[in-house]
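Enquirer: What follows is the file model.cif, containing mmCIF, C-alpha atoms:
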data_upload
loop_
_atom_site.label_atom_id
_atom_site.label_comp_id
_atom_site.auth_asym_id
_atom_site.auth_seq_id
_atom_site.Cartn_x
_atom_site.Cartn_y
_atom_site.Cartn_z
CA MET O 1 -104.23 91.25 192.06
CA ALA O 2 -102.61 91.24 195.52
CA THR O 3 -99.49 93.39 195.86
CA PHE O 4 -96.91 93.20 198.65
CA ASP O 5 -93.46 94.51 199.47
CA LEU O 6 -92.20 90.98 200.17
CA ALA O 7 -93.45 87.50 199.39
CA ILE O 8 -92.03 84.55 201.30
CA VAL O 9 -92.46 81.03 199.97
CA GLY O 10 -92.41 78.57 202.86
CA ALA O 11 -93.99 78.94 206.29
CA GLY O 12 -91.50 76.90 208.29
CA ILE O 13 -89.44 78.62 210.94
CA VAL O 14 -86.96 79.98 208.37
CA GLY O 15 -89.76 81.62 206.41
CA LEU O 16 -91.33 82.96 209.60
CA GLY O 17 -87.97 84.36 210.71
CA HIS O 18 -87.78 86.39 207.51
CA ALA O 19 -91.40 87.49 207.82
CA LEU O 20 -90.80 88.81 211.33
CA ALA O 21 -87.67 90.74 210.34
CA ALA O 22 -89.48 92.34 207.38
CA ALA O 23 -92.67 93.07 209.30
CA LYS O 24 -90.68 94.88 212.00
CA ARG O 25 -89.64 97.30 209.26
CA GLY O 26 -93.25 97.92 208.32
CA LYS O 27 -93.08 95.88 205.11
CA ARG O 28 -96.27 94.41 203.67
CA VAL O 29 -95.56 90.69 203.79
CA VAL O 30 -97.30 87.61 202.44
CA VAL O 31 -96.23 84.08 203.36
CA ILE O 32 -97.26 81.27 201.01
CA ASP O 33 -97.13 77.57 201.85
CA ARG O 34 -98.29 74.47 200.00
CA ASP O 35 -99.55 72.82 203.21
CA ALA O 36 -102.51 73.77 205.39
CA GLN O 37 -100.13 74.32 208.31
CA ALA O 38 -96.45 73.98 209.14
CA ASN O 39 -95.74 70.25 208.88
CA GLY O 40 -92.04 69.76 208.20
CA ALA O 41 -88.82 69.94 210.17
CA SER O 42 -89.96 73.04 212.05
CA VAL O 43 -92.57 71.12 214.06
CA ARG O 44 -90.75 67.78 214.29
CA ASN O 45 -87.76 68.85 216.36
CA PHE O 46 -86.94 69.35 220.03
CA GLY O 47 -87.90 73.01 220.15
CA PHE O 48 -84.46 73.34 221.70
CA VAL O 49 -83.00 76.70 220.69
CA THR O 50 -79.36 75.70 220.95
CA VAL O 51 -76.48 78.16 221.25
CA THR O 52 -73.76 76.23 223.04
CA GLY O 53 -72.18 73.70 220.70
CA GLN O 54 -73.13 75.41 217.45
CA GLY O 55 -70.26 75.74 215.00
CA ALA O 56 -67.85 78.61 215.61
CA GLY O 57 -68.48 81.75 213.62
CA ASP O 58 -71.76 82.87 212.15
CA CYS O 59 -73.73 79.78 213.21
CA TRP O 60 -72.93 80.45 216.86
CA SER O 61 -73.46 84.23 216.63
CA LEU O 62 -76.75 83.91 214.73
CA ALA O 63 -77.96 81.34 217.25
CA ARG O 64 -77.31 83.84 220.04
CA ARG O 65 -79.34 86.45 218.22
CA ALA O 66 -82.14 84.01 217.37
CA ARG O 67 -82.35 82.97 221.02
CA ASP O 68 -82.81 86.62 221.98
CA VAL O 69 -85.64 87.02 219.47
CA TRP O 70 -87.41 83.90 220.74
CA VAL O 71 -87.30 85.40 224.23
CA GLU O 72 -88.47 88.81 222.96
CA ILE O 73 -91.57 87.50 221.21
CA ALA O 74 -92.50 84.57 223.46
CA ALA O 75 -94.89 86.34 225.83
CA ALA O 76 -96.56 88.43 223.13
CA ALA O 77 -97.03 85.35 220.93
CA GLY O 78 -98.34 83.20 223.80
CA ILE O 79 -95.35 80.84 223.64
CA ASP O 80 -94.29 79.16 226.86
CA ILE O 81 -90.56 78.85 227.48
CA LEU O 82 -90.53 75.43 229.12
CA GLN O 83 -86.85 75.09 229.95
CA ARG O 84 -83.75 77.24 230.04
CA GLY O 85 -80.16 76.09 229.83
CA LEU O 86 -78.30 72.87 229.11
CA VAL O 87 -76.44 70.28 231.15
CA LEU O 88 -74.08 68.22 229.03
CA ALA O 89 -73.28 65.19 231.19
CA ALA O 90 -70.10 63.34 230.18
CA ARG O 91 -68.72 60.10 231.54
CA LEU O 92 -65.68 59.37 229.35
CA PRO O 93 -62.32 60.74 230.53
CA GLU O 94 -61.54 62.09 227.05
CA SER O 95 -64.55 64.40 227.37
CA GLU O 96 -62.91 66.42 230.13
CA ALA O 97 -60.34 67.97 227.80
CA VAL O 98 -63.05 68.92 225.31
CA ILE O 99 -65.11 70.65 227.98
CA GLU O 100 -62.08 72.53 229.29
CA ALA O 101 -61.06 73.63 225.79
CA PHE O 102 -64.58 74.77 225.01
CA LEU O 103 -64.78 76.79 228.24
CA ALA O 104 -61.50 78.50 227.31
CA SER O 105 -62.89 79.57 223.93
CA GLU O 106 -64.99 82.61 223.09
CA MET O 107 -68.03 80.35 222.90
CA GLY O 108 -67.61 79.27 226.51
CA GLU O 109 -68.57 82.69 227.81
CA GLY O 110 -71.20 82.34 230.54
CA CYS O 111 -70.83 78.56 230.67
CA GLU O 112 -69.25 76.64 233.54
CA ARG O 113 -68.05 73.24 234.55
CA LEU O 114 -70.15 71.42 237.13
CA SER O 115 -69.46 68.63 239.56
CA ALA O 116 -71.75 65.62 239.43
CA GLY O 117 -73.60 66.96 242.46
CA GLN O 118 -74.13 70.34 240.85
CA ALA O 119 -75.36 68.67 237.65
CA LEU O 120 -77.84 66.64 239.71
CA SER O 121 -79.26 69.85 241.17
CA HIS O 122 -80.37 70.77 237.64
CA VAL O 123 -81.32 67.25 236.54
CA PRO O 124 -82.17 65.11 239.58
CA CYS O 125 -82.55 61.90 237.58
CA LEU O 126 -78.98 62.05 236.18
CA ARG O 127 -76.90 59.00 236.94
CA PRO O 128 -73.91 60.34 238.93
CA GLU O 129 -71.54 58.09 236.98
CA ALA O 130 -72.82 59.67 233.75
CA ALA O 131 -71.88 63.16 234.94
CA ARG O 132 -68.24 62.69 235.94
CA PHE O 133 -67.59 65.78 233.83
CA ALA O 134 -70.43 68.20 233.18
CA LEU O 135 -70.83 71.41 231.22
CA TYR O 136 -73.57 73.89 232.06
CA SER O 137 -74.80 76.52 229.64
CA PRO O 138 -77.40 79.16 230.59
CA HIS O 139 -77.96 80.26 227.00
CA GLU O 140 -80.57 77.83 225.68
CA VAL O 141 -84.35 78.08 225.72
CA ARG O 142 -86.85 75.35 224.94
CA VAL O 143 -90.32 75.69 223.42
CA GLU O 144 -92.80 73.08 222.20
CA SER O 145 -92.26 73.23 218.44
CA ARG O 146 -95.59 71.84 217.35
CA GLN O 147 -97.29 74.61 219.31
CA ALA O 148 -94.75 77.40 219.05
CA VAL O 149 -94.44 77.52 215.25
CA PRO O 150 -98.20 78.00 214.68
CA LEU O 151 -98.21 80.60 217.45
CA VAL O 152 -95.43 82.54 215.71
CA ALA O 153 -97.54 82.53 212.52
CA ARG O 154 -100.59 83.75 214.44
CA PHE O 155 -98.51 86.47 216.11
CA LEU O 156 -97.24 87.65 212.73
CA ALA O 157 -100.76 87.78 211.34
CA GLU O 158 -102.42 89.46 214.32
CA ARG O 159 -99.67 91.83 215.49
CA HIS O 160 -97.85 92.60 212.25
CA GLY O 161 -100.49 92.19 209.57
CA VAL O 162 -98.63 89.43 207.73
CA GLU O 163 -100.94 87.66 205.30
CA PHE O 164 -100.78 83.88 205.03
CA ARG O 165 -101.80 81.89 201.97
CA TRP O 166 -102.03 78.26 203.11
CA SER O 167 -102.59 75.25 200.84
CA THR O 168 -101.12 77.28 197.98
CA SER O 169 -98.29 76.09 195.73
CA VAL O 170 -96.07 78.57 193.93
CA VAL O 171 -95.12 77.14 190.54
CA ALA O 172 -93.08 80.03 189.14
CA VAL O 173 -91.27 83.11 190.39
CA GLU O 174 -90.84 85.85 187.83
CA ALA O 175 -90.28 88.80 190.15
CA PRO O 176 -92.25 90.91 190.72
CA ARG O 177 -94.80 88.18 189.95
CA LEU O 178 -95.41 84.81 191.57
CA ILE O 179 -97.65 82.32 189.80
CA THR O 180 -99.61 79.82 191.90
CA ALA O 181 -100.83 76.39 190.87
CA ASP O 182 -104.41 77.60 190.55
CA GLY O 183 -103.34 80.26 188.07
CA GLY O 184 -103.32 83.07 190.60
CA VAL O 185 -100.82 85.90 190.52
CA ILE O 186 -99.21 87.61 193.51
CA GLU O 187 -97.10 90.71 193.01
CA ALA O 188 -94.22 91.52 195.34
CA GLU O 189 -91.19 93.76 195.01
CA ALA O 190 -88.98 91.06 196.52
CA VAL O 191 -89.27 87.31 197.02
CA ILE O 192 -87.56 85.04 199.55
CA ILE O 193 -87.86 81.29 198.98
CA CYS O 194 -87.44 79.11 202.08
CA PRO O 195 -88.06 75.63 200.67
CA GLY O 196 -86.79 73.47 203.54
CA ASP O 197 -85.95 70.12 201.96
CA GLU O 198 -88.07 70.62 198.83
CA PHE O 199 -85.39 70.98 196.17
CA THR O 200 -87.24 70.58 192.86
CA ALA O 201 -90.21 72.97 192.91
CA LEU O 202 -88.50 76.34 192.40
CA PHE O 203 -85.02 77.05 191.00
CA PRO O 204 -84.00 73.39 191.22
CA GLU O 205 -80.79 73.85 189.25
CA ARG O 206 -79.61 76.60 191.57
CA ILE O 207 -80.36 74.57 194.69
CA ALA O 208 -78.71 71.45 193.23
CA ALA O 209 -75.47 73.40 192.78
CA TYR O 210 -75.04 73.35 196.58
CA GLY O 211 -74.89 69.56 196.74
CA VAL O 212 -77.98 69.22 198.88
CA THR O 213 -79.45 65.98 200.12
CA ARG O 214 -81.85 65.07 202.94
CA CYS O 215 -81.24 63.97 206.48
CA LYS O 216 -83.75 61.64 208.15
CA LEU O 217 -83.98 61.54 211.93
CA GLN O 218 -85.88 59.44 214.47
CA MET O 219 -87.33 60.86 217.66
CA MET O 220 -89.52 59.69 220.53
CA ARG O 221 -91.63 60.89 223.40
CA VAL O 222 -90.81 59.11 226.65
CA ARG O 223 -92.97 59.20 229.76
CA PRO O 224 -91.28 58.61 233.13
CA ALA O 225 -93.04 56.16 235.44
CA THR O 226 -92.62 58.67 238.28
CA PRO O 227 -92.88 62.42 237.67
CA VAL O 228 -89.51 64.14 237.39
CA ALA O 229 -88.55 67.74 236.65
CA LEU O 230 -85.62 68.47 234.35
CA GLY O 231 -84.36 71.96 235.10
CA THR O 232 -82.46 72.03 231.80
CA ALA O 233 -82.15 70.10 228.59
CA VAL O 234 -79.67 67.21 228.69
CA MET O 235 -76.94 66.03 226.32
CA SER O 236 -74.09 63.52 226.65
CA ASP O 237 -70.57 62.64 225.41
CA LEU O 238 -72.02 61.84 221.98
CA GLY O 239 -72.97 65.51 221.63
CA LEU O 240 -69.35 66.51 222.23
CA GLY O 241 -68.40 64.28 219.32
CA ARG O 242 -71.04 65.61 216.94
CA TYR O 243 -71.86 69.28 217.60
CA LEU O 244 -69.23 71.24 215.70
CA GLY O 245 -68.62 73.80 218.43
CA TYR O 246 -67.06 70.97 220.41
CA ALA O 247 -66.17 68.40 217.77
CA GLU O 248 -63.99 70.74 215.70
CA LEU O 249 -61.74 71.51 218.68
CA PRO O 250 -58.37 69.69 218.43
CA GLU O 251 -58.99 68.31 221.91
CA ALA O 252 -62.01 66.38 220.58
CA GLU O 253 -59.97 64.00 218.45
CA PRO O 254 -59.21 61.45 221.23
CA LEU O 255 -62.86 61.49 222.28
CA LYS O 256 -64.09 60.88 218.75
CA ARG O 257 -61.72 57.96 218.37
CA ARG O 258 -63.01 56.39 221.57
CA LEU O 259 -66.63 56.97 220.59
CA ASP O 260 -65.94 55.35 217.21
CA ALA O 261 -64.47 52.32 219.00
CA GLU O 262 -66.85 51.90 221.92
CA LEU O 263 -70.11 53.35 220.59
CA ALA O 264 -69.59 52.42 216.95
CA ALA O 265 -73.26 51.68 216.20
CA HIS O 266 -74.32 55.03 217.66
CA ARG O 267 -71.75 56.88 215.59
CA GLU O 268 -72.60 54.97 212.40
CA ASN O 269 -76.24 55.95 212.83
CA GLY O 270 -75.43 59.57 213.61
CA ILE O 271 -76.88 59.29 217.10
CA HIS O 272 -76.38 61.79 219.85
CA LEU O 273 -78.59 62.34 222.87
CA ILE O 274 -80.84 65.32 223.48
CA VAL O 275 -83.56 65.18 226.12
CA THR O 276 -86.02 68.02 226.65
CA GLN O 277 -89.17 68.17 228.74
CA SER O 278 -92.72 69.12 227.78
CA ALA O 279 -95.33 70.83 229.93
CA ASP O 280 -97.04 67.50 230.68
CA GLY O 281 -93.82 66.05 232.12
CA SER O 282 -93.05 63.81 229.15
CA LEU O 283 -89.62 63.90 227.55
CA VAL O 284 -88.72 64.48 223.92
CA VAL O 285 -85.77 62.22 223.14
CA GLY O 286 -83.53 61.79 220.10
CA ASP O 287 -82.01 61.58 217.66
CA SER O 288 -80.37 59.83 214.71
CA HIS O 289 -79.11 60.99 211.31
CA HIS O 290 -79.27 59.10 207.99
CA TYR O 291 -78.66 60.73 204.63
CA ALA O 292 -80.22 60.08 201.22
CA ALA O 293 -81.72 62.02 198.33
CA THR O 294 -85.06 60.45 199.24
CA PRO O 295 -84.89 58.83 202.69
CA ASP O 296 -87.24 55.94 203.29
CA PRO O 297 -90.20 56.78 205.58
CA PHE O 298 -89.70 53.85 207.95
CA GLY O 299 -88.43 54.05 211.50
CA SER O 300 -85.97 51.43 212.73
CA GLU O 301 -86.59 49.83 216.10
CA GLY O 302 -82.86 49.11 216.29
CA VAL O 303 -82.03 52.80 215.89
CA ASP O 304 -84.61 53.78 218.49
CA GLN O 305 -83.11 51.24 220.88
CA LEU O 306 -79.64 52.71 220.42
CA ILE O 307 -81.02 56.12 221.35
CA LEU O 308 -82.77 54.64 224.38
CA ASP O 309 -79.61 52.79 225.42
CA GLU O 310 -77.81 56.14 225.66
CA PHE O 311 -80.84 57.68 227.39
CA ASP O 312 -80.76 54.95 230.02
CA ALA O 313 -76.99 55.27 230.46
CA VAL O 314 -77.43 58.95 231.33
CA LEU O 315 -80.80 59.14 233.11
CA ASP O 316 -82.10 56.87 235.87
CA LEU O 317 -85.78 56.49 235.02
CA PRO O 318 -86.85 52.88 235.63
CA GLY O 319 -90.19 51.96 234.12
CA ARG O 320 -90.13 54.72 231.52
CA THR O 321 -92.29 54.07 228.46
CA VAL O 322 -92.24 55.30 224.87
CA THR O 323 -95.59 56.90 223.99
CA GLU O 324 -94.87 58.43 220.58
CA ARG O 325 -92.39 58.00 217.74
CA TRP O 326 -91.86 60.07 214.61
CA ILE O 327 -89.54 60.73 211.70
CA GLY O 328 -88.34 64.09 210.47
CA THR O 329 -86.33 65.19 207.47
CA TYR O 330 -84.34 68.31 206.76
CA ALA O 331 -81.98 69.66 204.12
CA SER O 332 -78.31 68.76 204.45
CA ALA O 333 -75.15 69.67 202.55
CA SER O 334 -71.57 68.69 203.18
CA GLY O 335 -69.26 71.44 204.37
CA ARG O 336 -71.90 74.10 204.93
CA TRP O 337 -74.60 74.73 207.49
CA ARG O 338 -76.72 77.05 205.34
CA PHE O 339 -76.75 78.92 202.06
CA THR O 340 -78.35 82.00 200.56
CA ASP O 341 -78.57 82.07 196.78
CA LYS O 342 -79.37 85.15 194.68
CA PRO O 343 -81.13 84.35 191.40
CA SER O 344 -81.73 88.09 190.88
CA ASP O 345 -81.55 91.35 192.77
CA ALA O 346 -85.12 90.83 193.96
CA VAL O 347 -85.03 87.10 194.77
CA ARG O 348 -83.26 85.09 197.48
CA ILE O 349 -83.26 81.36 198.23
CA VAL O 350 -82.46 80.61 201.88
CA VAL O 351 -81.85 77.07 203.11
CA VAL O 352 -80.49 75.82 206.44
CA THR O 353 -78.56 72.62 205.71
CA SER O 354 -77.66 71.38 209.19
CA GLY O 355 -80.82 70.93 211.22
CA CYS O 356 -80.37 74.10 213.28
CA GLY O 357 -83.17 76.13 211.70
CA ALA O 358 -85.09 76.66 214.94
CA SER O 359 -81.86 77.82 216.59
CA THR O 360 -80.82 80.31 213.90
CA ALA O 361 -83.79 81.31 211.73
CA PHE O 362 -84.60 84.60 213.41
CA GLY O 363 -80.97 85.68 213.10
CA ILE O 364 -80.78 84.60 209.46
CA GLY O 365 -84.01 86.44 208.72
CA GLU O 366 -82.60 89.71 210.03
CA GLU O 367 -79.40 89.18 208.02
CA THR O 368 -81.31 88.61 204.77
CA ILE O 369 -83.62 91.58 205.29
CA ASP O 370 -80.63 93.80 206.08
CA GLU O 371 -79.01 92.68 202.84
CA LEU O 372 -82.17 93.32 200.81
CA TYR O 373 -83.19 96.64 202.33
CA GLY O 374 -80.04 97.97 204.02
CA ARG O 375 -78.96 97.65 207.62
CA GLN O 376 -80.85 99.80 210.11
CA GLY O 377 -79.17 102.06 212.68
#
For this file, write the structure as structure tokens.
Expert:
Amino acid sequence: MATFDLAIVGAGIVGLGHALAAAKRGKRVVVIDRDAQANGASVRNFGFVTVTGQGAGDCWSLARRARDVWVEIAAAAGIDILQRGLVLAARLPESEAVIEAFLASEMGEGCERLSAGQALSHVPCLRPEAARFALYSPHEVRVESRQAVPLVARFLAERHGVEFRWSTSVVAVEAPRLITADGGVIEAEAVIICPGDEFTALFPERIAAYGVTRCKLQMMRVRPATPVALGTAVMSDLGLGRYLGYAELPEAEPLKRRLDAELAAHRENGIHLIVTQSADGSLVVGDSHHYAATPDPFGSEGVDQLILDEFDAVLDLPGRTVTERWIGTYASASGRWRFTDKPSDAVRIVVVTSGCGASTAFGIGEETIDELYGRQG
């Protein structure tokens, strides 16, 4: 029978964040996942480790810490940091007050307002009229999720001795024992369950108490007709109306009212624009947000077109083509961005319920391990 200090159920980025924090303390860690490889929200996102715009408080502070960890491990894990920073290009006059208020807040530290010309120096294909007001943040980093998440797992296995049990379903947790679907038993002093948006396999009644549902999003890969280099990721006015670090500011209310009136279809479909660039020059573009207990698996051409309409309003890339489309889902809950539940002294359930797992997981992992084993130095 295999025995470990810590067993983690779920090999998405939240599970990997906990594995790294525990392994750094010399804990013997096993990570168990029902799939043969990471296949959920962790590999279907932008790979955009976002600090600026995260909700005030622990979301913002944990994102700052998670960003630092991504940078710390990137070279050792063989992960390329493809972009750094963010230009949020805004064209609506109501956006100016939001940017100014954000810059005056604690979260604006290190950020600055740019002229349209300065914004174009970072993103040459920006339409000048789309960057009447621009916010620059140096804090973000961008990795290619579908490559980076497997590389984090490999790094944990090779450098920290973390054991991975792929294609293995855990059907019961009776700490210090975990029972797998094939009748196997794994012993661990502590267990952390990171189920993503799987709510019914383990402790379903405890997870249900948090009012969880699922969010479905649509994303695309766009190839410019002529090569272009984006020095930073790009967002737009819609991001000011959706990301809580901006949207919860009192100064955002006039902007949200105008967005509701003039970009009603975008707002109804939960659309805001993020554009990041991959190593081959293609652009990852999204996204939308639709909520249901079991979202349908079908992508809407109308929703994709709304995203592309905003893309084209912000970036001047004639002849661009869509080369790939996909759907992702993640856990969502009203009024909270994450939760940690404690079924027993030895068991934790950790769920990010706002789509910012890649931006916060390494920080959350350290927090949970500190709580389980005591804060170090």
Enquirer: List the spatial neighbours of segment 120-135 of chain O as a VMD selection string - criterion: any atom at most 7 Å away, all atoms listed in the file, same-chain residues fewer than 5 positions off excluded.
Expert: chain O and resid 87 to 91 96 99 112 to 115 230 to 232 313 to 317
Enquirer: Go through O:Ile179, O:Val152, O:Ala233, O:Val71 and flag the residue nearest Val43 of chain O, using all atoms listed in the file for the distances.
Expert: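 Result for the nearest residue to Val43 of chain O: O:Val152.
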Enquirer: What does the distance between atom CA of Pro93 of chain O and atom CA of Pro254 of chain O come to in Å, to one decimal place?
Expert: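 About the pair atom CA of Pro93 of chain O and atom CA of Pro254 of chain O: they are 9.8 Å apart.
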Enquirer: Using only C-alpha atoms for the distances, tell me which of O:Gly239, O:Gly328, O:Gly196, O:Gly281 is nearest to Pro295 of chain O.
Expert: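 Closest residue, counting only C-alpha atoms: O:Gly328.
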Enquirer: Using only C-alpha atoms, determine which residues lie at most 12 Å from Gly47 of chain O, disregarding the query and same-chain residues fewer than 4 positions distant; provide the list as a ChimeraX atom specification.
Expert: /O:13,41-43,67,70,79-84,140-149,233,274-278,283-285,355-360
Enquirer: Between atom CA of Val351 of chain O and atom CA of Ala331 of chain O, measure the distance and give it in Å to one decimal.
Expert: 7.5 Å
Enquirer: Using the atoms already present, construct all heavy atoms for segment 226-235 of chain O and hand them back as a PDB file, in the frame of the given file.
Expert:
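out23.pdb, freshly written:
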ATOM      1  N   THR O 226     -92.431  57.758 237.149  1.00  0.00           N
ATOM      2  CA  THR O 226     -92.620  58.670 238.280  1.00  0.00           C
ATOM      3  C   THR O 226     -92.301  60.076 237.820  1.00  0.00           C
ATOM      4  O   THR O 226     -91.278  60.285 237.153  1.00  0.00           O
ATOM      5  CB  THR O 226     -91.693  58.279 239.444  1.00  0.00           C
ATOM      6  OG1 THR O 226     -91.946  56.921 239.818  1.00  0.00           O
ATOM      7  CG2 THR O 226     -91.922  59.180 240.644  1.00  0.00           C
ATOM      8  N   PRO O 227     -93.146  61.054 238.135  1.00  0.00           N
ATOM      9  CA  PRO O 227     -92.880  62.420 237.670  1.00  0.00           C
ATOM     10  C   PRO O 227     -91.486  62.906 238.069  1.00  0.00           C
ATOM     11  O   PRO O 227     -91.009  62.661 239.184  1.00  0.00           O
ATOM     12  CB  PRO O 227     -93.971  63.239 238.368  1.00  0.00           C
ATOM     13  CG  PRO O 227     -95.080  62.270 238.603  1.00  0.00           C
ATOM     14  CD  PRO O 227     -94.411  60.958 238.893  1.00  0.00           C
ATOM     15  N   VAL O 228     -90.838  63.586 237.156  1.00  0.00           N
ATOM     16  CA  VAL O 228     -89.510  64.140 237.390  1.00  0.00           C
ATOM     17  C   VAL O 228     -89.431  65.477 236.681  1.00  0.00           C
ATOM     18  O   VAL O 228     -90.058  65.671 235.629  1.00  0.00           O
ATOM     19  CB  VAL O 228     -88.414  63.178 236.882  1.00  0.00           C
ATOM     20  CG1 VAL O 228     -88.517  62.977 235.374  1.00  0.00           C
ATOM     21  CG2 VAL O 228     -87.023  63.673 237.258  1.00  0.00           C
ATOM     22  N   ALA O 229     -88.695  66.416 237.260  1.00  0.00           N
ATOM     23  CA  ALA O 229     -88.550  67.740 236.650  1.00  0.00           C
ATOM     24  C   ALA O 229     -87.112  67.928 236.192  1.00  0.00           C
ATOM     25  O   ALA O 229     -86.182  67.842 237.009  1.00  0.00           O
ATOM     26  CB  ALA O 229     -88.932  68.825 237.643  1.00  0.00           C
ATOM     27  N   LEU O 230     -86.936  68.155 234.905  1.00  0.00           N
ATOM     28  CA  LEU O 230     -85.620  68.470 234.350  1.00  0.00           C
ATOM     29  C   LEU O 230     -85.485  69.981 234.296  1.00  0.00           C
ATOM     30  O   LEU O 230     -86.208  70.658 233.565  1.00  0.00           O
ATOM     31  CB  LEU O 230     -85.459  67.881 232.945  1.00  0.00           C
ATOM     32  CG  LEU O 230     -84.944  66.438 232.825  1.00  0.00           C
ATOM     33  CD1 LEU O 230     -85.891  65.467 233.505  1.00  0.00           C
ATOM     34  CD2 LEU O 230     -84.739  66.074 231.370  1.00  0.00           C
ATOM     35  N   GLY O 231     -84.552  70.517 235.087  1.00  0.00           N
ATOM     36  CA  GLY O 231     -84.360  71.960 235.100  1.00  0.00           C
ATOM     37  C   GLY O 231     -83.764  72.494 233.813  1.00  0.00           C
ATOM     38  O   GLY O 231     -83.921  73.674 233.499  1.00  0.00           O
ATOM     39  N   THR O 232     -83.069  71.634 233.066  1.00  0.00           N
ATOM     40  CA  THR O 232     -82.460  72.030 231.800  1.00  0.00           C
ATOM     41  C   THR O 232     -82.635  70.886 230.801  1.00  0.00           C
ATOM     42  O   THR O 232     -83.013  69.773 231.169  1.00  0.00           O
ATOM     43  CB  THR O 232     -80.947  72.286 231.944  1.00  0.00           C
ATOM     44  OG1 THR O 232     -80.287  71.028 232.181  1.00  0.00           O
ATOM     45  CG2 THR O 232     -80.633  73.240 233.082  1.00  0.00           C
ATOM     46  N   ALA O 233     -82.320  71.168 229.562  1.00  0.00           N
ATOM     47  CA  ALA O 233     -82.150  70.100 228.590  1.00  0.00           C
ATOM     48  C   ALA O 233     -80.886  69.309 228.931  1.00  0.00           C
ATOM     49  O   ALA O 233     -80.028  69.775 229.686  1.00  0.00           O
ATOM     50  CB  ALA O 233     -82.034  70.669 227.183  1.00  0.00           C
ATOM     51  N   VAL O 234     -80.775  68.103 228.372  1.00  0.00           N
ATOM     52  CA  VAL O 234     -79.670  67.210 228.690  1.00  0.00           C
ATOM     53  C   VAL O 234     -79.023  66.708 227.395  1.00  0.00           C
ATOM     54  O   VAL O 234     -79.729  66.346 226.440  1.00  0.00           O
ATOM     55  CB  VAL O 234     -80.153  66.003 229.518  1.00  0.00           C
ATOM     56  CG1 VAL O 234     -78.992  65.034 229.804  1.00  0.00           C
ATOM     57  CG2 VAL O 234     -80.791  66.466 230.825  1.00  0.00           C
ATOM     58  N   MET O 235     -77.702  66.671 227.390  1.00  0.00           N
ATOM     59  CA  MET O 235     -76.940  66.030 226.320  1.00  0.00           C
ATOM     60  C   MET O 235     -75.866  65.163 226.962  1.00  0.00           C
ATOM     61  O   MET O 235     -75.716  65.167 228.190  1.00  0.00           O
ATOM     62  CB  MET O 235     -76.341  67.070 225.373  1.00  0.00           C
ATOM     63  CG  MET O 235     -77.378  67.875 224.607  1.00  0.00           C
ATOM     64  SD  MET O 235     -76.678  69.187 223.563  1.00  0.00           S
ATOM     65  CE  MET O 235     -75.764  68.213 222.368  1.00  0.00           C
TER      66      MET O 235
END
